[in-house]
>>> print(open('upload-v6.cif').read())   # mmCIF, C-alpha atoms
data_target
loop_
_atom_site.label_atom_id
_atom_site.label_comp_id
_atom_site.auth_asym_id
_atom_site.auth_seq_id
_atom_site.Cartn_x
_atom_site.Cartn_y
_atom_site.Cartn_z
CA MET D 1 13.33 17.64 25.59
CA PRO D 2 12.86 21.36 25.07
CA VAL D 3 9.92 22.16 22.86
CA ASN D 4 9.64 25.57 21.31
CA LYS D 5 7.62 27.12 18.56
CA ALA D 6 10.29 26.95 15.90
CA SER D 7 10.77 23.20 16.27
CA ASN D 8 7.03 22.62 15.95
CA THR D 9 6.96 24.47 12.65
CA ASP D 10 9.92 22.40 11.60
CA GLU D 11 8.08 19.16 12.43
CA PHE D 12 5.32 20.34 10.12
CA VAL D 13 7.49 21.53 7.26
CA LYS D 14 9.72 18.47 7.08
CA GLY D 15 6.79 16.31 5.91
CA LEU D 16 6.22 18.57 2.93
CA TRP D 17 9.57 18.21 1.26
CA ARG D 18 12.65 17.04 3.20
CA ASP D 19 10.99 13.86 4.50
CA ASN D 20 8.12 13.65 2.03
CA PRO D 21 6.49 10.28 2.73
CA VAL D 22 6.03 9.20 -0.89
CA PHE D 23 8.91 10.73 -2.82
CA ILE D 24 11.70 10.62 -0.21
CA MET D 25 10.83 7.87 2.26
CA VAL D 26 8.91 5.75 -0.28
CA LEU D 27 6.24 4.82 2.27
CA GLY D 28 2.61 4.24 1.48
CA MET D 29 3.22 3.53 -2.16
CA CYS D 30 0.30 1.15 -2.62
CA PRO D 31 -2.51 3.69 -2.22
CA ALA D 32 -0.38 6.37 -3.85
CA LEU D 33 -0.33 4.34 -7.05
CA ALA D 34 -3.65 2.57 -6.87
CA VAL D 35 -6.10 5.41 -6.43
CA SER D 36 -4.23 8.18 -8.21
CA ASN D 37 -5.89 7.60 -11.59
CA THR D 38 -7.88 10.83 -11.20
CA ALA D 39 -7.10 13.96 -9.22
CA LEU D 40 -10.35 13.72 -7.25
CA ASN D 41 -9.67 10.15 -6.09
CA ALA D 42 -6.14 11.15 -5.13
CA LEU D 43 -7.37 14.13 -3.11
CA THR D 44 -10.00 12.07 -1.26
CA MET D 45 -7.51 9.35 -0.46
CA GLY D 46 -4.97 11.91 0.73
CA LEU D 47 -7.49 13.60 3.03
CA ALA D 48 -8.75 10.29 4.42
CA THR D 49 -5.20 9.14 5.13
CA SER D 50 -4.31 12.49 6.73
CA PHE D 51 -7.32 12.24 9.02
CA VAL D 52 -6.38 8.75 10.20
CA LEU D 53 -2.77 9.86 10.57
CA LEU D 54 -3.76 12.85 12.72
CA MET D 55 -6.22 11.01 14.94
CA SER D 56 -3.93 8.05 15.54
CA ALA D 57 -1.04 10.42 16.30
CA ILE D 58 -3.18 12.14 18.94
CA CYS D 59 -4.18 8.81 20.52
CA VAL D 60 -0.78 7.18 20.38
CA SER D 61 0.97 10.24 21.72
CA SER D 62 -1.41 10.76 24.62
CA LEU D 63 -1.46 7.07 25.53
CA ARG D 64 2.28 6.52 25.15
CA HIS D 65 2.89 6.12 28.90
CA PHE D 66 0.10 3.55 29.27
CA ILE D 67 0.89 1.22 26.39
CA PRO D 68 3.40 -1.48 27.38
CA ARG D 69 6.31 -1.89 24.99
CA GLU D 70 5.58 -5.54 24.23
CA THR D 71 2.05 -4.98 22.99
CA ARG D 72 2.57 -1.62 21.33
CA ILE D 73 2.24 -2.72 17.69
CA VAL D 74 -1.05 -4.51 18.35
CA SER D 75 -2.35 -1.49 20.26
CA TYR D 76 -1.37 0.87 17.45
CA ILE D 77 -3.07 -1.36 14.90
CA CYS D 78 -6.27 -1.38 16.98
CA ILE D 79 -6.23 2.41 17.25
CA ILE D 80 -5.59 2.85 13.53
CA ALA D 81 -8.19 0.26 12.54
CA SER D 82 -10.88 2.00 14.62
CA PHE D 83 -10.31 5.32 12.88
CA VAL D 84 -10.19 3.67 9.47
CA THR D 85 -13.55 2.02 10.13
CA ALA D 86 -14.90 5.44 11.06
CA VAL D 87 -13.55 7.01 7.85
CA ASP D 88 -14.94 4.12 5.81
CA TYR D 89 -18.48 4.70 7.10
CA LEU D 90 -18.08 8.48 6.97
CA LEU D 91 -17.13 8.46 3.31
CA GLN D 92 -19.98 6.10 2.54
CA ALA D 93 -22.33 8.65 4.10
CA ILE D 94 -20.83 11.64 2.27
CA SER D 95 -20.52 10.22 -1.21
CA LEU D 96 -21.39 6.66 -2.10
CA GLU D 97 -20.03 7.16 -5.61
CA LEU D 98 -16.60 8.20 -4.38
CA HIS D 99 -16.59 5.33 -1.89
CA LYS D 100 -17.25 2.90 -4.73
CA SER D 101 -14.48 4.25 -6.93
CA LEU D 102 -11.95 3.98 -4.10
CA GLY D 103 -13.16 0.46 -3.35
CA ALA D 104 -11.29 -1.50 -0.72
CA PHE D 105 -8.50 1.06 -0.60
CA ILE D 106 -10.14 3.06 2.17
CA ALA D 107 -10.14 -0.03 4.38
CA LEU D 108 -6.57 -0.67 3.31
CA ILE D 109 -5.43 2.58 4.97
CA VAL D 110 -5.00 0.32 8.03
CA VAL D 111 -1.99 -1.31 6.47
CA ASN D 112 -0.49 1.86 5.05
CA CYS D 113 3.06 1.60 6.36
CA LEU D 114 3.19 5.41 6.62
CA ILE D 115 0.72 5.52 9.53
CA LEU D 116 2.19 2.67 11.57
CA GLY D 117 5.64 3.97 10.75
CA ARG D 118 4.92 7.46 12.10
CA ALA D 119 3.16 6.04 15.18
CA GLU D 120 6.17 3.88 15.97
CA ALA D 121 8.91 6.32 15.00
CA PHE D 122 7.46 9.61 16.16
CA SER D 123 4.20 9.77 18.12
CA SER D 124 5.19 7.05 20.59
CA ARG D 125 8.24 9.07 21.62
CA ASN D 126 7.07 12.66 21.50
CA ARG D 127 4.63 14.94 23.25
CA LEU D 128 1.23 15.76 21.88
CA VAL D 129 1.93 19.03 20.07
CA PRO D 130 5.00 17.91 18.07
CA SER D 131 3.20 14.66 17.21
CA VAL D 132 0.21 16.56 15.87
CA MET D 133 2.47 18.84 13.83
CA ASP D 134 4.38 15.84 12.48
CA ALA D 135 1.15 14.05 11.53
CA LEU D 136 -0.24 17.18 9.85
CA GLY D 137 2.96 17.71 7.89
CA MET D 138 3.12 14.10 6.79
CA GLY D 139 -0.56 14.16 5.89
CA VAL D 140 -0.24 17.30 3.78
CA GLY D 141 2.93 15.96 2.16
CA PHE D 142 1.21 12.68 1.35
CA THR D 143 -1.84 14.47 -0.07
CA LEU D 144 0.33 16.74 -2.22
CA ALA D 145 2.31 13.78 -3.55
CA LEU D 146 -0.86 11.88 -4.38
CA LEU D 147 -2.38 14.94 -5.99
CA SER D 148 0.69 15.55 -8.15
CA ILE D 149 0.62 11.94 -9.39
CA GLY D 150 -3.14 11.98 -9.83
CA ALA D 151 -3.18 15.30 -11.70
CA VAL D 152 -0.58 14.19 -14.25
CA ARG D 153 -2.36 10.89 -14.80
CA GLU D 154 -5.75 12.54 -15.26
CA ILE D 155 -4.47 15.30 -17.55
CA LEU D 156 -2.62 12.89 -19.83
CA GLY D 157 -4.96 9.93 -19.52
CA ALA D 158 -8.35 11.62 -19.72
CA GLY D 159 -7.54 15.17 -20.87
CA SER D 160 -9.19 16.73 -17.84
CA LEU D 161 -8.48 17.89 -14.30
CA PHE D 162 -11.05 17.35 -11.50
CA ASN D 163 -13.42 16.23 -14.29
CA VAL D 164 -13.07 19.62 -16.06
CA PRO D 165 -11.99 19.05 -19.69
CA LEU D 166 -8.77 20.92 -20.51
CA PHE D 167 -8.23 20.24 -24.17
CA PRO D 168 -10.28 20.78 -27.35
CA ASP D 169 -12.15 17.81 -28.78
CA GLY D 170 -9.42 16.39 -30.96
CA TYR D 171 -7.16 15.50 -28.00
CA GLN D 172 -5.86 11.97 -28.20
CA THR D 173 -5.89 10.57 -24.64
CA TRP D 174 -2.98 8.48 -23.37
CA THR D 175 -5.01 5.55 -22.15
CA VAL D 176 -1.94 3.93 -20.65
CA MET D 177 -1.79 6.66 -18.00
CA VAL D 178 -5.08 5.68 -16.34
CA LEU D 179 -4.11 2.00 -16.51
CA PRO D 180 -1.99 0.51 -13.71
CA SER D 181 1.27 0.79 -15.63
CA GLY D 182 0.75 4.56 -15.99
CA GLY D 183 0.85 4.84 -12.20
CA PHE D 184 4.29 3.29 -12.12
CA PHE D 185 5.58 5.52 -14.93
CA VAL D 186 4.26 8.79 -13.51
CA THR D 187 5.62 8.00 -10.03
CA ALA D 188 8.99 7.13 -11.55
CA PHE D 189 8.89 10.46 -13.39
CA TRP D 190 8.22 12.42 -10.19
CA LEU D 191 10.98 10.55 -8.38
CA VAL D 192 13.40 11.54 -11.13
CA VAL D 193 12.28 15.17 -10.85
CA VAL D 194 12.80 15.11 -7.06
CA ASN D 195 16.20 13.46 -7.47
CA TRP D 196 17.16 16.06 -10.05
CA ILE D 197 16.26 18.96 -7.75
CA HIS D 198 18.24 17.34 -4.92
CA GLN D 199 21.22 16.86 -7.17
CA ARG D 200 21.18 20.46 -8.32
CA ARG D 201 20.96 21.70 -4.75
CA ALA D 202 23.90 19.53 -3.77
CA LEU D 203 25.98 20.90 -6.63
CA SER D 204 25.25 24.59 -6.15
CA PRO D 205 26.25 25.73 -2.64
CA MET Y 1 -22.37 -16.40 -3.26
CA SER Y 2 -20.53 -16.01 -6.51
CA ASP Y 3 -20.81 -18.82 -9.06
CA LEU Y 4 -17.48 -18.46 -10.87
CA SER Y 5 -15.56 -21.65 -11.58
CA HIS Y 6 -12.50 -22.31 -9.46
CA TRP Y 7 -10.18 -22.25 -12.44
CA SER Y 8 -11.32 -18.82 -13.56
CA ILE Y 9 -10.93 -17.45 -10.03
CA PHE Y 10 -7.39 -18.79 -9.90
CA ILE Y 11 -6.36 -17.39 -13.28
CA ASN Y 12 -8.05 -14.11 -12.50
CA ALA Y 13 -6.18 -13.66 -9.21
CA ALA Y 14 -2.82 -14.87 -10.47
CA LEU Y 15 -2.57 -13.29 -13.91
CA ILE Y 16 -5.33 -11.01 -15.13
CA ASN Y 17 -5.80 -9.00 -11.96
CA ASN Y 18 -2.38 -9.70 -10.51
CA PHE Y 19 -2.33 -8.30 -6.98
CA VAL Y 20 0.94 -6.44 -7.42
CA LEU Y 21 0.84 -5.30 -11.01
CA ALA Y 22 -2.85 -4.54 -11.50
CA TYR Y 23 -4.11 -3.76 -7.98
CA PHE Y 24 -0.89 -2.23 -6.59
CA LEU Y 25 -1.11 -4.30 -3.43
CA GLY Y 26 2.00 -5.35 -1.56
CA LEU Y 27 4.36 -2.92 -3.24
CA CYS Y 28 6.62 -2.44 -0.21
CA PRO Y 29 7.97 -6.02 -0.15
CA PHE Y 30 7.79 -6.03 -3.95
CA PHE Y 31 10.39 -3.27 -4.14
CA GLY Y 32 12.10 -4.10 -0.87
CA VAL Y 33 12.96 -7.77 -1.34
CA SER Y 34 13.16 -8.03 -5.10
CA SER Y 35 16.85 -7.25 -5.47
CA LYS Y 36 17.92 -10.92 -5.15
CA LEU Y 37 16.24 -13.89 -6.82
CA ASP Y 38 16.85 -16.20 -3.88
CA THR Y 39 15.21 -13.93 -1.30
CA ALA Y 40 12.36 -13.20 -3.68
CA VAL Y 41 11.44 -16.90 -3.90
CA ARG Y 42 11.41 -17.28 -0.11
CA MET Y 43 9.40 -14.11 0.39
CA GLY Y 44 6.89 -15.29 -2.23
CA GLY Y 45 6.48 -18.54 -0.33
CA ALA Y 46 6.03 -16.84 3.05
CA VAL Y 47 3.45 -14.37 1.70
CA SER Y 48 1.53 -17.14 -0.09
CA PHE Y 49 1.35 -19.15 3.13
CA VAL Y 50 0.12 -16.20 5.18
CA MET Y 51 -2.43 -15.42 2.46
CA LEU Y 52 -3.81 -18.96 2.61
CA VAL Y 53 -4.15 -18.99 6.40
CA ALA Y 54 -5.55 -15.44 6.48
CA SER Y 55 -8.09 -16.28 3.81
CA VAL Y 56 -9.39 -19.32 5.72
CA CYS Y 57 -9.55 -17.32 8.96
CA ALA Y 58 -11.24 -14.37 7.26
CA TYR Y 59 -13.93 -16.69 5.92
CA GLY Y 60 -14.68 -17.96 9.42
CA ILE Y 61 -14.56 -14.51 11.01
CA ASN Y 62 -16.86 -13.02 8.44
CA HIS Y 63 -19.47 -15.67 9.22
CA ALA Y 64 -19.09 -15.14 12.95
CA LEU Y 65 -19.42 -11.37 12.56
CA GLU Y 66 -22.53 -11.77 10.44
CA LEU Y 67 -24.04 -14.00 13.13
CA ILE Y 68 -23.60 -11.34 15.81
CA ASN Y 69 -24.48 -8.64 13.28
CA ALA Y 70 -21.30 -6.57 13.69
CA PRO Y 71 -19.77 -5.92 10.27
CA TYR Y 72 -18.03 -2.80 11.59
CA LEU Y 73 -15.59 -5.03 13.48
CA ARG Y 74 -14.41 -6.59 10.24
CA ILE Y 75 -11.35 -4.44 9.57
CA ILE Y 76 -10.05 -4.71 13.14
CA SER Y 77 -10.51 -8.46 13.43
CA TYR Y 78 -9.00 -9.20 10.00
CA THR Y 79 -5.95 -7.12 10.85
CA LEU Y 80 -5.47 -8.85 14.19
CA VAL Y 81 -5.77 -12.31 12.64
CA ILE Y 82 -3.18 -11.41 10.01
CA ALA Y 83 -0.84 -10.04 12.66
CA SER Y 84 -1.04 -13.27 14.65
CA THR Y 85 -0.55 -15.42 11.54
CA VAL Y 86 2.58 -13.50 10.68
CA GLN Y 87 3.84 -14.03 14.22
CA LEU Y 88 3.22 -17.76 13.74
CA VAL Y 89 5.11 -17.87 10.44
CA GLU Y 90 7.96 -15.95 12.04
CA MET Y 91 8.27 -18.48 14.87
CA LEU Y 92 8.04 -21.42 12.47
CA LEU Y 93 10.70 -20.02 10.15
CA ARG Y 94 13.08 -19.20 12.99
CA LYS Y 95 12.80 -22.81 14.15
CA LEU Y 96 12.76 -24.60 10.78
CA SER Y 97 14.91 -22.48 8.50
CA PRO Y 98 17.14 -19.88 10.19
CA PRO Y 99 18.82 -18.81 6.89
CA THR Y 100 15.44 -17.86 5.40
CA PHE Y 101 14.63 -16.01 8.60
CA GLN Y 102 17.90 -14.06 8.34
CA ALA Y 103 17.46 -13.30 4.64
CA LEU Y 104 13.97 -11.87 4.99
CA GLY Y 105 14.98 -9.66 7.90
CA ILE Y 106 12.68 -6.76 8.66
CA PHE Y 107 10.35 -7.64 5.81
CA LEU Y 108 9.03 -10.68 7.65
CA PRO Y 109 7.23 -8.80 10.45
CA LEU Y 110 6.25 -6.22 7.84
CA ILE Y 111 4.07 -8.83 6.11
CA THR Y 112 1.55 -7.72 8.74
CA THR Y 113 1.27 -4.40 7.01
CA ASN Y 114 1.34 -5.96 3.57
CA CYS Y 115 -1.82 -4.66 1.99
CA ALA Y 116 -2.01 -7.65 -0.37
CA ILE Y 117 -3.09 -9.87 2.52
CA LEU Y 118 -5.74 -7.60 4.02
CA GLY Y 119 -6.80 -6.76 0.46
CA LEU Y 120 -7.29 -10.44 -0.29
CA ALA Y 121 -9.45 -10.91 2.82
CA LEU Y 122 -11.56 -7.85 1.98
CA PHE Y 123 -11.98 -8.72 -1.70
CA GLN Y 124 -13.12 -12.27 -0.99
CA THR Y 125 -15.66 -10.92 1.49
CA ASN Y 126 -16.92 -8.25 -0.89
CA ARG Y 127 -17.34 -10.74 -3.72
CA GLY Y 128 -19.07 -13.28 -1.48
CA TYR Y 129 -16.80 -16.21 -2.29
CA GLY Y 130 -17.63 -19.55 -0.66
CA PHE Y 131 -15.09 -21.54 1.32
CA SER Y 132 -13.43 -23.47 -1.52
CA GLN Y 133 -13.56 -20.39 -3.75
CA SER Y 134 -11.78 -18.36 -1.06
CA VAL Y 135 -9.04 -20.96 -0.77
CA VAL Y 136 -8.53 -21.05 -4.53
CA TYR Y 137 -8.54 -17.24 -4.63
CA ALA Y 138 -5.84 -17.13 -1.94
CA LEU Y 139 -3.74 -19.71 -3.79
CA GLY Y 140 -4.06 -17.73 -7.02
CA ALA Y 141 -3.21 -14.44 -5.36
CA GLY Y 142 -0.20 -16.01 -3.65
CA ALA Y 143 1.01 -17.54 -6.88
CA GLY Y 144 0.56 -14.21 -8.67
CA PHE Y 145 2.46 -12.34 -5.96
CA ALA Y 146 5.33 -14.85 -6.03
CA LEU Y 147 5.42 -14.75 -9.83
CA ALA Y 148 5.60 -10.95 -9.95
CA LEU Y 149 8.28 -10.90 -7.25
CA VAL Y 150 10.43 -13.51 -9.00
CA LEU Y 151 10.10 -11.83 -12.41
CA MET Y 152 11.03 -8.49 -10.89
CA ALA Y 153 14.03 -9.97 -9.06
CA GLY Y 154 15.25 -11.55 -12.29
CA VAL Y 155 15.10 -8.24 -14.11
CA ARG Y 156 16.70 -6.32 -11.25
CA GLU Y 157 19.64 -8.71 -11.03
CA LYS Y 158 20.39 -7.89 -14.67
CA LEU Y 159 19.71 -4.20 -14.08
CA ASP Y 160 22.49 -4.07 -11.49
CA LEU Y 161 25.01 -4.74 -14.24
CA ALA Y 162 23.56 -2.29 -16.74
CA SER Y 163 24.68 1.34 -16.82
CA VAL Y 164 21.77 3.40 -15.56
CA PRO Y 165 21.94 7.21 -15.22
CA ALA Y 166 22.52 8.22 -11.59
CA LEU Y 167 19.27 10.19 -11.54
CA VAL Y 168 17.12 7.18 -12.27
CA LYS Y 169 19.05 4.61 -10.27
CA GLY Y 170 17.22 2.90 -7.42
CA THR Y 171 13.50 3.23 -6.86
CA ALA Y 172 12.78 5.15 -10.05
CA ALA Y 173 14.34 2.45 -12.23
CA ALA Y 174 12.50 -0.25 -10.30
CA LEU Y 175 9.23 1.63 -10.86
CA VAL Y 176 9.81 1.81 -14.60
CA VAL Y 177 10.55 -1.92 -14.71
CA ALA Y 178 7.37 -2.58 -12.73
CA GLY Y 179 5.43 -0.41 -15.18
CA VAL Y 180 6.67 -2.44 -18.13
CA LEU Y 181 5.89 -5.72 -16.32
CA SER Y 182 2.42 -4.43 -15.53
CA MET Y 183 1.88 -3.56 -19.19
CA SER Y 184 2.93 -7.03 -20.27
CA PHE Y 185 0.54 -8.60 -17.75
CA MET Y 186 -2.29 -6.71 -19.45
CA GLY Y 187 -1.79 -9.15 -22.27
CA PHE Y 188 -3.50 -11.77 -20.11
CA ALA Y 189 -6.74 -9.79 -20.08
CA GLY Y 190 -8.37 -11.99 -22.70
CA LEU Y 191 -7.97 -15.15 -20.60
CA GLY Y 192 -10.83 -14.29 -18.28
CA ALA Y 193 -13.73 -14.84 -20.64
#
>>> encode(input="upload-v6.cif", output="structure tokens")
Amino acid sequence: MPVNKASNTDEFVKGLWRDNPVFIMVLGMCPALAVSNTALNALTMGLATSFVLLMSAICVSSLRHFIPRETRIVSYICIIASFVTAVDYLLQAISLELHKSLGAFIALIVVNCLILGRAEAFSSRNRLVPSVMDALGMGVGFTLALLSIGAVREILGAGSLFNVPLFPDGYQTWTVMVLPSGGFFVTAFWLVVVNWIHQRRALSP
Amino acid sequence: MSDLSHWSIFINAALINNFVLAYFLGLCPFFGVSSKLDTAVRMGGAVSFVMLVASVCAYGINHALELINAPYLRIISYTLVIASTVQLVEMLLRKLSPPTFQALGIFLPLITTNCAILGLALFQTNRGYGFSQSVVYALGAGAGFALALVLMAGVREKLDLASVPALVKGTAAALVVAGVLSMSFMGFAGLGA
């Protein structure tokens, strides 16, 4: 397979929009909805997931000739679980408060279908550099998607962004947005926006 | 060790803090298999069974890991146990009920990466539930998951016949339905006290 610079950039860019993990492929929805009640939580979760995605892509891609086909899923899960454990302890060391507010969802990165999906579909078949680019693109795309959901929920639900108040005192907060159902509504809203942009592009040549 | 009564643990897991609608766990099968009522019931059953087995195993593993003082192995060992349980269910279903096996398709092996199951194991560990409490918690969570899935499938079967704008059709419409369901489940909040 010929690998050149242009295709590497393409592997990176596709994760941002064309194959965006959350809005287009609808992978990794659970954390996307669960921890996006504030922009800060969403950003932390996105970065943690990106880190695991990147590290497991590096491992899976470099070990792809040594892992037998029959045991590949179990091997991938072991690799992913090791990095998730590392992130779990790392975050605990950096900010205990943030770790508490994300709760079990850091540990649940293990079962984020996005990571196993990319390991199986991409890293296990490609060389190191494209795999890294793919993982970075997917990670950034995932973080952006989470951040866009989290920002809308925090602005409407708490009247602030990254804990900075945006509105004067009289602002009536939409409590429903920080509740679980708000996560569903905001994600549905973003999906409609993405669909709309796609539709317009398809119509205008 | 938590001293909650079994009944309150069950109600809490099944209704008040429903795994799908309040914790957002297990959304992939929730959206993936909820288009037909029949499949939804079978999927609910399979997930509940895996939850029960995983919960019992997780209780044992947690004790073993505490004995050898290695809590950092928890995530890896839980995941591996769940993966093997799913393999077991897959083999059983293929033998006992081939139509169910066919209907669930790719979503059966994907139960491995269903966060509801790992979530259950982690939550019961974090809350320090005893053995019988863990079993009741798993039963409640399984019942709650099956309930949410069946409700969703019922609504989506009707939604197929309704005229929905092309923009919203598909996942977006399903998300809105899930949002409304989640709101209605908040009505159970008072039951916990």
>>> interface_residues(input="upload-v6.cif", of="chain Y", to="chain D", cutoff="10 Å", atoms="all atoms listed in the file", output="ChimeraX atom specification")
/Y:20-28,31,72-80,83-84,110-120,122-123,126,166-186
>>> resolve_selection(input="upload-v6.cif", expression="the PyMOL selection byres ((chain D and resi 147) around 12)", output="PDB file with C-alpha atoms, in the coordinates of the input")
ATOM      1  CA  VAL D  22       6.030   9.200  -0.890  1.00  0.00           C
ATOM      2  CA  PRO D  31      -2.510   3.690  -2.220  1.00  0.00           C
ATOM      3  CA  ALA D  32      -0.380   6.370  -3.850  1.00  0.00           C
ATOM      4  CA  LEU D  33      -0.330   4.340  -7.050  1.00  0.00           C
ATOM      5  CA  VAL D  35      -6.100   5.410  -6.430  1.00  0.00           C
ATOM      6  CA  SER D  36      -4.230   8.180  -8.210  1.00  0.00           C
ATOM      7  CA  ASN D  37      -5.890   7.600 -11.590  1.00  0.00           C
ATOM      8  CA  THR D  38      -7.880  10.830 -11.200  1.00  0.00           C
ATOM      9  CA  ALA D  39      -7.100  13.960  -9.220  1.00  0.00           C
ATOM     10  CA  LEU D  40     -10.350  13.720  -7.250  1.00  0.00           C
ATOM     11  CA  ASN D  41      -9.670  10.150  -6.090  1.00  0.00           C
ATOM     12  CA  ALA D  42      -6.140  11.150  -5.130  1.00  0.00           C
ATOM     13  CA  LEU D  43      -7.370  14.130  -3.110  1.00  0.00           C
ATOM     14  CA  THR D  44     -10.000  12.070  -1.260  1.00  0.00           C
ATOM     15  CA  MET D  45      -7.510   9.350  -0.460  1.00  0.00           C
ATOM     16  CA  GLY D  46      -4.970  11.910   0.730  1.00  0.00           C
ATOM     17  CA  LEU D  47      -7.490  13.600   3.030  1.00  0.00           C
ATOM     18  CA  VAL D 140      -0.240  17.300   3.780  1.00  0.00           C
ATOM     19  CA  GLY D 141       2.930  15.960   2.160  1.00  0.00           C
ATOM     20  CA  PHE D 142       1.210  12.680   1.350  1.00  0.00           C
ATOM     21  CA  THR D 143      -1.840  14.470  -0.070  1.00  0.00           C
ATOM     22  CA  LEU D 144       0.330  16.740  -2.220  1.00  0.00           C
ATOM     23  CA  ALA D 145       2.310  13.780  -3.550  1.00  0.00           C
ATOM     24  CA  LEU D 146      -0.860  11.880  -4.380  1.00  0.00           C
ATOM     25  CA  SER D 148       0.690  15.550  -8.150  1.00  0.00           C
ATOM     26  CA  ILE D 149       0.620  11.940  -9.390  1.00  0.00           C
ATOM     27  CA  GLY D 150      -3.140  11.980  -9.830  1.00  0.00           C
ATOM     28  CA  ALA D 151      -3.180  15.300 -11.700  1.00  0.00           C
ATOM     29  CA  VAL D 152      -0.580  14.190 -14.250  1.00  0.00           C
ATOM     30  CA  ARG D 153      -2.360  10.890 -14.800  1.00  0.00           C
ATOM     31  CA  GLU D 154      -5.750  12.540 -15.260  1.00  0.00           C
ATOM     32  CA  ILE D 155      -4.470  15.300 -17.550  1.00  0.00           C
ATOM     33  CA  LEU D 161      -8.480  17.890 -14.300  1.00  0.00           C
ATOM     34  CA  PHE D 162     -11.050  17.350 -11.500  1.00  0.00           C
ATOM     35  CA  VAL D 186       4.260   8.790 -13.510  1.00  0.00           C
ATOM     36  CA  THR D 187       5.620   8.000 -10.030  1.00  0.00           C
ATOM     37  CA  TRP D 190       8.220  12.420 -10.190  1.00  0.00           C
TER      38      TRP D 190
END
>>> atom_distance(input="upload-v6.cif", atom1="CA of Asn62 (chain Y)", atom2="CA of Ile82 (chain Y)")
13.9 Å
>>> atom_distance(input="upload-v6.cif", atom1="CA of Gly139 (chain D)", atom2="CA of Leu102 (chain D)")
18.3 Å
>>> resolve_selection(input="upload-v6.cif", expression="the PyMOL selection byres ((chain Y and resi 132) around 12)", output="count of residues only")
25
>>> residues_around(input="upload-v6.cif", residues="Phe188 (chain Y)", least_positions_apart="3", cutoff="10 Å", atoms="all atoms listed in the file", output="number ranges by chain")
Y: 11-12, 15-18, 183-185, 191-192
>>> write_last_selection(input="upload-v6.cif", atoms="C-alpha atoms", output="PDB file, in the frame of the given file")
ATOM      1  CA  ILE Y  11      -6.360 -17.390 -13.280  1.00  0.00           C
ATOM      2  CA  ASN Y  12      -8.050 -14.110 -12.500  1.00  0.00           C
ATOM      3  CA  LEU Y  15      -2.570 -13.290 -13.910  1.00  0.00           C
ATOM      4  CA  ILE Y  16      -5.330 -11.010 -15.130  1.00  0.00           C
ATOM      5  CA  ASN Y  17      -5.800  -9.000 -11.960  1.00  0.00           C
ATOM      6  CA  ASN Y  18      -2.380  -9.700 -10.510  1.00  0.00           C
ATOM      7  CA  MET Y 183       1.880  -3.560 -19.190  1.00  0.00           C
ATOM      8  CA  SER Y 184       2.930  -7.030 -20.270  1.00  0.00           C
ATOM      9  CA  PHE Y 185       0.540  -8.600 -17.750  1.00  0.00           C
ATOM     10  CA  LEU Y 191      -7.970 -15.150 -20.600  1.00  0.00           C
ATOM     11  CA  GLY Y 192     -10.830 -14.290 -18.280  1.00  0.00           C
TER      12      GLY Y 192
END
>>> atom_distance(input="upload-v6.cif", atom1="CA of Ile67 (chain D)", atom2="CA of Met138 (chain D)")
23.6 Å
>>> resolve_selection(input="upload-v6.cif", expression="the PyMOL selection byres ((chain Y and resi 45) around 12)", output="number ranges by chain")
Y: 38-44, 46-52, 89, 93, 100, 104, 108, 111, 139, 141-147, 149-150
>>> write_last_selection(input="upload-v6.cif", atoms="C-alpha atoms", output="PDB file, in the coordinates of the input")
ATOM      1  CA  ASP Y  38      16.850 -16.200  -3.880  1.00  0.00           C
ATOM      2  CA  THR Y  39      15.210 -13.930  -1.300  1.00  0.00           C
ATOM      3  CA  ALA Y  40      12.360 -13.200  -3.680  1.00  0.00           C
ATOM      4  CA  VAL Y  41      11.440 -16.900  -3.900  1.00  0.00           C
ATOM      5  CA  ARG Y  42      11.410 -17.280  -0.110  1.00  0.00           C
ATOM      6  CA  MET Y  43       9.400 -14.110   0.390  1.00  0.00           C
ATOM      7  CA  GLY Y  44       6.890 -15.290  -2.230  1.00  0.00           C
ATOM      8  CA  ALA Y  46       6.030 -16.840   3.050  1.00  0.00           C
ATOM      9  CA  VAL Y  47       3.450 -14.370   1.700  1.00  0.00           C
ATOM     10  CA  SER Y  48       1.530 -17.140  -0.090  1.00  0.00           C
ATOM     11  CA  PHE Y  49       1.350 -19.150   3.130  1.00  0.00           C
ATOM     12  CA  VAL Y  50       0.120 -16.200   5.180  1.00  0.00           C
ATOM     13  CA  MET Y  51      -2.430 -15.420   2.460  1.00  0.00           C
ATOM     14  CA  LEU Y  52      -3.810 -18.960   2.610  1.00  0.00           C
ATOM     15  CA  VAL Y  89       5.110 -17.870  10.440  1.00  0.00           C
ATOM     16  CA  LEU Y  93      10.700 -20.020  10.150  1.00  0.00           C
ATOM     17  CA  THR Y 100      15.440 -17.860   5.400  1.00  0.00           C
ATOM     18  CA  LEU Y 104      13.970 -11.870   4.990  1.00  0.00           C
ATOM     19  CA  LEU Y 108       9.030 -10.680   7.650  1.00  0.00           C
ATOM     20  CA  ILE Y 111       4.070  -8.830   6.110  1.00  0.00           C
ATOM     21  CA  LEU Y 139      -3.740 -19.710  -3.790  1.00  0.00           C
ATOM     22  CA  ALA Y 141      -3.210 -14.440  -5.360  1.00  0.00           C
ATOM     23  CA  GLY Y 142      -0.200 -16.010  -3.650  1.00  0.00           C
ATOM     24  CA  ALA Y 143       1.010 -17.540  -6.880  1.00  0.00           C
ATOM     25  CA  GLY Y 144       0.560 -14.210  -8.670  1.00  0.00           C
ATOM     26  CA  PHE Y 145       2.460 -12.340  -5.960  1.00  0.00           C
ATOM     27  CA  ALA Y 146       5.330 -14.850  -6.030  1.00  0.00           C
ATOM     28  CA  LEU Y 147       5.420 -14.750  -9.830  1.00  0.00           C
ATOM     29  CA  LEU Y 149       8.280 -10.900  -7.250  1.00  0.00           C
ATOM     30  CA  VAL Y 150      10.430 -13.510  -9.000  1.00  0.00           C
TER      31      VAL Y 150
END
